[in-house]
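As structure tokens, the structure follows; a few thoughts come after it.
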Amino acid sequence: PLPPLSPYQVLRLIQLWFDARSMQSREARFLINNSRRTQLARERMPKGQREFFEILPVLLTTGLPGEEPPKNFSWVITGHLPSPQDLSRAERILGVAPAKSNGRIQTIQGVYTIGSTGSYAQTEHSDLDYWICADLTSWSEGAADAFRDLLGRLAAWARERFDADVHFFLQDVGRILDNDFEAVNREGSGTAQGLLLKEEFYRTGLRVAGLPPLWWMVSPGSSPEEYERALECGTM
């Protein structure tokens with residue numbers, strides 16, 4: 001038989017249970033709001049930009065149409081499996097069925113937009129700025145450079161094929177904790193600019209695919225200890 005739990009362990013389990021219930025409630029509200037904002041974003045996009053927005057999660061895992069899929073790497077988005085409708089839509093827009101790669105799997109934790117997308121400030125002239133978040137330290141050697149190359153080709157192709165201005169920023173989740181962002185590094189800004197960029201993301205970010213940031217699941221003003229406890233709930 002299992003040894004009896006100490007009073008501290010019992011209290012800890014009760015605390016985790018209440019935390020999990022609270023996070024589930026917040027996640028439900030987040031999903032409703034994210035769905036509403038996604039619909040608003042689609043309505044405000046011109047046709048070409050909307051088509052690119054809808055098929056991007058598929059393209060990130062299959063590459064550009066007409067290209068041979070990467071031999072060494074393949075990318076998957078956590079919690080996101082393209083539905084038959086997603087694949088059918090991509091084939092209709094692209095004119096060809098998305099290809100598949102059998103390379104070593106690299107995991108993307110989430111794909112998000114940042115800025116005006118999904119807000120009433122969005123216009124038909126608004127750019128699409130994407131954050132793609134991953135634990136790059138877990139990726140195979142060379143995978144990040146190969147993926148950045150793919151993102152560059154996707155942005156150029158979006159402009160040529162869909163007349164859409166798209167910008168990608170590949171963010172390492174570990175470096176985000178230190179307010180160290182690719183967009184800031186490109187511009188040569190400092191830590192203060194990094195804090196402002198993080199604030200903008202948490203205020204305007206729209207989940208396209210993958211995990212919802214834990215920040216949106218915990219109570220306002222949560223301490224680092226509460227944040228770590230939320231990770232233990234296993235809902236992310």
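Following the order of the structure tokens, chains are lettered A, B, ..., residues in each are numbered from 1, and ligands are numbered from 1.
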
* Asked: When DSSP works through the backbone of this structure, what residues of range 43-222 of chain A end up as strand (DSSP E or B), shown as a PyMOL selection string?
  -> chain A and resi 73-77+104-108+110-113+128-134+166-172+206-210

Those same residues, written as a short mmCIF file (atom, residue, chain, number, x, y, z; two decimals), in the first residue's frame with N, CA, C and O atoms?
data_model
loop_
_atom_site.label_atom_id
_atom_site.label_comp_id
_atom_site.auth_asym_id
_atom_site.auth_seq_id
_atom_site.Cartn_x
_atom_site.Cartn_y
_atom_site.Cartn_z
N PHE A 73 14.53 17.80 -41.43
CA PHE A 73 13.69 18.27 -40.34
C PHE A 73 12.23 18.30 -40.75
O PHE A 73 11.89 18.45 -41.92
N SER A 74 11.37 18.15 -39.77
CA SER A 74 9.94 18.42 -39.95
C SER A 74 9.45 19.11 -38.69
O SER A 74 9.99 18.90 -37.61
N TRP A 75 8.42 19.94 -38.84
CA TRP A 75 7.95 20.74 -37.72
C TRP A 75 6.50 20.40 -37.41
O TRP A 75 5.69 20.20 -38.32
N VAL A 76 6.21 20.34 -36.13
CA VAL A 76 4.83 20.11 -35.67
C VAL A 76 4.49 21.20 -34.66
O VAL A 76 5.37 21.74 -33.99
N ILE A 77 3.22 21.54 -34.57
CA ILE A 77 2.73 22.54 -33.63
C ILE A 77 2.00 21.81 -32.51
O ILE A 77 1.06 21.04 -32.77
N ARG A 104 13.54 14.73 -38.90
CA ARG A 104 13.48 14.75 -37.44
C ARG A 104 12.50 15.82 -36.96
O ARG A 104 12.54 16.97 -37.41
N ILE A 105 11.62 15.45 -36.05
CA ILE A 105 10.54 16.33 -35.63
C ILE A 105 11.07 17.41 -34.69
O ILE A 105 11.76 17.13 -33.72
N GLN A 106 10.71 18.67 -34.99
CA GLN A 106 11.01 19.82 -34.15
C GLN A 106 9.66 20.42 -33.72
O GLN A 106 8.79 20.62 -34.56
N THR A 107 9.52 20.70 -32.44
CA THR A 107 8.22 21.10 -31.90
C THR A 107 8.11 22.61 -31.77
O THR A 107 8.98 23.27 -31.20
N ILE A 108 7.02 23.14 -32.31
CA ILE A 108 6.65 24.55 -32.15
C ILE A 108 5.59 24.61 -31.06
O ILE A 108 4.57 23.91 -31.14
N GLY A 110 3.77 27.34 -30.11
CA GLY A 110 2.61 28.15 -30.45
C GLY A 110 2.91 29.14 -31.56
O GLY A 110 4.04 29.56 -31.75
N VAL A 111 1.85 29.50 -32.28
CA VAL A 111 1.90 30.50 -33.35
C VAL A 111 0.88 31.57 -33.01
O VAL A 111 -0.30 31.26 -32.77
N TYR A 112 1.32 32.83 -32.98
CA TYR A 112 0.46 33.93 -32.55
C TYR A 112 0.68 35.15 -33.46
O TYR A 112 1.73 35.29 -34.07
N THR A 113 -0.32 36.00 -33.52
CA THR A 113 -0.11 37.32 -34.11
C THR A 113 0.04 38.32 -32.98
O THR A 113 -0.44 38.11 -31.87
N LEU A 128 0.61 41.53 -41.12
CA LEU A 128 0.48 40.37 -40.24
C LEU A 128 1.84 40.13 -39.60
O LEU A 128 2.81 39.79 -40.29
N ASP A 129 1.93 40.35 -38.29
CA ASP A 129 3.16 40.11 -37.55
C ASP A 129 2.98 38.86 -36.70
O ASP A 129 2.12 38.82 -35.81
N TYR A 130 3.78 37.85 -36.99
CA TYR A 130 3.65 36.56 -36.31
C TYR A 130 4.79 36.34 -35.33
O TYR A 130 5.96 36.58 -35.67
N TRP A 131 4.44 35.86 -34.14
CA TRP A 131 5.41 35.30 -33.21
C TRP A 131 5.27 33.78 -33.30
O TRP A 131 4.17 33.24 -33.15
N ILE A 132 6.40 33.11 -33.50
CA ILE A 132 6.42 31.66 -33.47
C ILE A 132 7.32 31.25 -32.33
O ILE A 132 8.53 31.55 -32.33
N CYS A 133 6.75 30.63 -31.32
CA CYS A 133 7.46 30.35 -30.07
C CYS A 133 7.83 28.87 -29.97
O CYS A 133 7.00 28.00 -30.24
N ALA A 134 9.07 28.63 -29.60
CA ALA A 134 9.56 27.26 -29.47
C ALA A 134 10.72 27.22 -28.48
O ALA A 134 11.37 28.24 -28.24
N VAL A 166 3.74 40.20 -44.53
CA VAL A 166 3.83 39.28 -43.41
C VAL A 166 5.24 39.33 -42.84
O VAL A 166 6.22 39.38 -43.58
N HIS A 167 5.32 39.35 -41.52
CA HIS A 167 6.62 39.36 -40.83
C HIS A 167 6.60 38.26 -39.77
O HIS A 167 5.64 38.12 -39.02
N PHE A 168 7.69 37.48 -39.73
CA PHE A 168 7.80 36.39 -38.78
C PHE A 168 8.92 36.68 -37.79
O PHE A 168 9.99 37.16 -38.17
N PHE A 169 8.68 36.32 -36.53
CA PHE A 169 9.70 36.43 -35.49
C PHE A 169 9.73 35.11 -34.73
O PHE A 169 8.74 34.74 -34.09
N LEU A 170 10.84 34.40 -34.85
CA LEU A 170 10.99 33.13 -34.16
C LEU A 170 11.54 33.40 -32.77
O LEU A 170 12.66 33.89 -32.61
N GLN A 171 10.73 33.10 -31.74
CA GLN A 171 11.08 33.43 -30.37
C GLN A 171 11.38 32.17 -29.57
O GLN A 171 10.64 31.19 -29.63
N ASP A 172 12.48 32.20 -28.83
CA ASP A 172 12.82 31.11 -27.94
C ASP A 172 12.14 31.32 -26.59
O ASP A 172 12.27 32.39 -25.98
N LEU A 206 -2.88 37.13 -30.47
CA LEU A 206 -3.98 36.28 -30.92
C LEU A 206 -3.41 34.91 -31.23
O LEU A 206 -2.47 34.78 -32.02
N ARG A 207 -3.93 33.88 -30.59
CA ARG A 207 -3.42 32.54 -30.85
C ARG A 207 -3.96 32.04 -32.18
O ARG A 207 -5.16 32.01 -32.42
N VAL A 208 -3.03 31.63 -33.05
CA VAL A 208 -3.39 31.05 -34.34
C VAL A 208 -3.39 29.53 -34.26
O VAL A 208 -4.27 28.86 -34.80
N ALA A 209 -2.40 28.99 -33.57
CA ALA A 209 -2.31 27.54 -33.38
C ALA A 209 -1.36 27.27 -32.22
O ALA A 209 -0.47 28.06 -31.93
N GLY A 210 -1.56 26.15 -31.55
CA GLY A 210 -0.66 25.77 -30.47
C GLY A 210 -1.22 26.12 -29.09
O GLY A 210 -2.43 26.28 -28.90
#

* **Selection near Asp127 in chain A, 10 Å with only C-alpha atoms, sequence-local residues under 5 positions removed, as a PyMOL selection string** => chain A and resi 45+49+114-117+122+164-167

* To do: Just the residues within 12 Å of Glu68 in chain A, please, counting only C-alpha atoms, with nothing from its chain fewer than 4 positions along; format it as JSON, numbers by chain.
  => {"A": [62, 63, 64, 72, 74, 98, 99, 100, 101, 102, 103, 150]}

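For the set A:Ala97, A:Ala230, A:Val173, A:Ala28, the residue with the smallest atom-to-atom gap to Ser138 in chain A is A:Val173, counting only C-alpha atoms.
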
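Taking only C-alpha atoms into account, Arg42 in chain A lies nearest to A:Thr123 out of the set A:Arg26, A:Thr123, A:Gly221, A:Val58.
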
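Proximity to range 82-96 of chain A at 8 Å, evaluated using only C-alpha atoms and with sequence-adjacent residues fewer than 6 positions away removed, yields A:Glu51, A:Ile55, A:Pro57, A:Val58, A:Pro65.
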
* Asked: Separation of CA of Arg37 in chain A and CA of Gly205 in chain A, in Å?
  -> 10.1 Å

* Structure fact -> note - CA of Arg36 in chain A and CA of Leu197 in chain A are separated by 23.6 Å

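With CA of Asp19 in chain A on one side and CA of Glu225 in chain A on the other, the separation reads 12.4 Å.
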
* Asked: Tell me, which residues of range 21-228 of chain A carry DSSP helix (DSSP H, G or I), written as a ChimeraX atom specification?
  -> /A:21-44,47-62,84-94,136-138,143-162,173-176,182-187,191-204,214-216,224-228

Could those selected residues go to a file with C-alpha atoms, as a CSV table (one decimal), in the first residue's frame?
chain,number,residue,atom,x,y,z
A,21,ARG,CA,-10.2,24.4,-11.8
A,22,SER,CA,-9.5,28.2,-11.9
A,23,MET,CA,-7.2,27.8,-14.9
A,24,GLN,CA,-9.8,25.7,-16.7
A,25,SER,CA,-12.3,28.5,-16.2
A,26,ARG,CA,-9.9,31.1,-17.5
A,27,GLU,CA,-8.9,28.9,-20.4
A,28,ALA,CA,-12.6,28.6,-21.4
A,29,ARG,CA,-13.0,32.4,-21.4
A,30,PHE,CA,-9.8,32.8,-23.3
A,31,LEU,CA,-10.9,30.3,-26.0
A,32,ILE,CA,-14.2,32.2,-26.4
A,33,ASN,CA,-12.5,35.5,-26.7
A,34,ASN,CA,-9.8,34.2,-29.1
A,35,SER,CA,-12.5,32.7,-31.3
A,36,ARG,CA,-14.3,36.0,-31.4
A,37,ARG,CA,-11.2,37.9,-32.3
A,38,THR,CA,-10.1,35.4,-34.9
A,39,GLN,CA,-13.5,35.9,-36.6
A,40,LEU,CA,-13.1,39.6,-36.5
A,41,ALA,CA,-9.6,39.3,-37.9
A,42,ARG,CA,-10.9,37.3,-40.9
A,43,GLU,CA,-13.7,39.8,-41.5
A,44,ARG,CA,-11.3,42.7,-41.7
A,47,LYS,CA,-9.2,38.0,-49.5
A,48,GLY,CA,-5.5,37.2,-50.2
A,49,GLN,CA,-4.4,38.0,-46.6
A,50,ARG,CA,-7.3,36.0,-45.2
A,51,GLU,CA,-6.4,32.9,-47.3
A,52,PHE,CA,-2.8,33.1,-46.2
A,53,PHE,CA,-3.8,33.5,-42.6
A,54,GLU,CA,-6.1,30.4,-42.8
A,55,ILE,CA,-3.5,28.0,-44.3
A,56,LEU,CA,-0.4,29.2,-42.5
A,57,PRO,CA,-0.4,26.5,-39.8
A,58,VAL,CA,-0.4,23.9,-42.6
A,59,LEU,CA,2.4,25.6,-44.4
A,60,LEU,CA,4.6,25.8,-41.3
A,61,THR,CA,4.4,22.0,-41.1
A,62,THR,CA,4.6,21.2,-44.8
A,84,PRO,CA,-9.5,17.3,-43.1
A,85,GLN,CA,-11.2,20.7,-43.7
A,86,ASP,CA,-7.9,22.5,-43.1
A,87,LEU,CA,-6.1,20.3,-45.6
A,88,SER,CA,-8.9,20.5,-48.1
A,89,ARG,CA,-8.9,24.4,-47.8
A,90,ALA,CA,-5.1,24.4,-48.3
A,91,GLU,CA,-5.3,22.2,-51.3
A,92,ARG,CA,-8.1,24.4,-52.8
A,93,ILE,CA,-6.1,27.6,-52.3
A,94,LEU,CA,-2.7,26.2,-53.3
A,136,LEU,CA,15.0,26.2,-29.6
A,137,THR,CA,17.4,24.6,-27.2
A,138,SER,CA,15.6,21.3,-27.8
A,143,ALA,CA,16.9,23.2,-37.4
A,144,ALA,CA,16.4,26.9,-36.3
A,145,ASP,CA,18.4,28.2,-39.3
A,146,ALA,CA,16.5,25.9,-41.7
A,147,PHE,CA,13.2,27.1,-40.2
A,148,ARG,CA,14.2,30.8,-40.4
A,149,ASP,CA,15.0,30.2,-44.0
A,150,LEU,CA,11.5,28.7,-44.5
A,151,LEU,CA,9.9,31.7,-42.8
A,152,GLY,CA,11.8,34.1,-45.1
A,153,ARG,CA,10.5,32.2,-48.2
A,154,LEU,CA,7.0,32.1,-46.8
A,155,ALA,CA,7.0,35.9,-46.2
A,156,ALA,CA,8.2,36.6,-49.8
A,157,TRP,CA,5.7,34.1,-51.2
A,158,ALA,CA,2.8,35.7,-49.2
A,159,ARG,CA,3.7,39.0,-50.8
A,160,GLU,CA,4.0,37.7,-54.3
A,161,ARG,CA,1.0,35.3,-54.2
A,162,PHE,CA,-1.4,37.0,-51.8
A,173,VAL,CA,10.6,30.5,-24.9
A,174,GLY,CA,13.6,30.5,-22.5
A,175,ARG,CA,14.8,33.8,-23.8
A,176,ILE,CA,11.3,35.3,-23.5
A,182,GLU,CA,14.2,38.4,-31.9
A,183,ALA,CA,12.4,41.6,-33.0
A,184,VAL,CA,14.3,43.7,-30.4
A,185,ASN,CA,17.6,42.1,-31.4
A,186,ARG,CA,17.0,43.0,-35.0
A,187,GLU,CA,16.5,46.7,-34.1
A,191,THR,CA,15.9,45.4,-22.2
A,192,ALA,CA,13.3,48.3,-21.8
A,193,GLN,CA,12.2,47.8,-25.4
A,194,GLY,CA,11.9,44.0,-24.6
A,195,LEU,CA,9.6,44.7,-21.7
A,196,LEU,CA,7.4,46.9,-23.9
A,197,LEU,CA,7.3,44.2,-26.6
A,198,LYS,CA,6.3,41.6,-24.1
A,199,GLU,CA,3.5,43.9,-22.8
A,200,GLU,CA,2.2,44.4,-26.3
A,201,PHE,CA,2.2,40.6,-26.9
A,202,TYR,CA,0.2,39.9,-23.7
A,203,ARG,CA,-2.2,42.7,-24.5
A,204,THR,CA,-2.8,42.1,-28.2
A,214,LEU,CA,0.2,30.5,-19.4
A,215,TRP,CA,0.2,34.3,-18.6
A,216,TRP,CA,-3.4,34.3,-19.8
A,224,PRO,CA,6.5,33.6,-9.5
A,225,GLU,CA,5.7,30.8,-7.1
A,226,GLU,CA,2.0,30.8,-8.2
A,227,TYR,CA,3.2,30.8,-11.8
A,228,GLU,CA,5.4,27.7,-11.2

* Asked: In terms of the shortest atom-to-atom distance over only C-alpha atoms, which of A:Leu231, A:Val218, A:Gly66, A:Leu211 is closest to His80 in chain A?
  -> A:Leu211
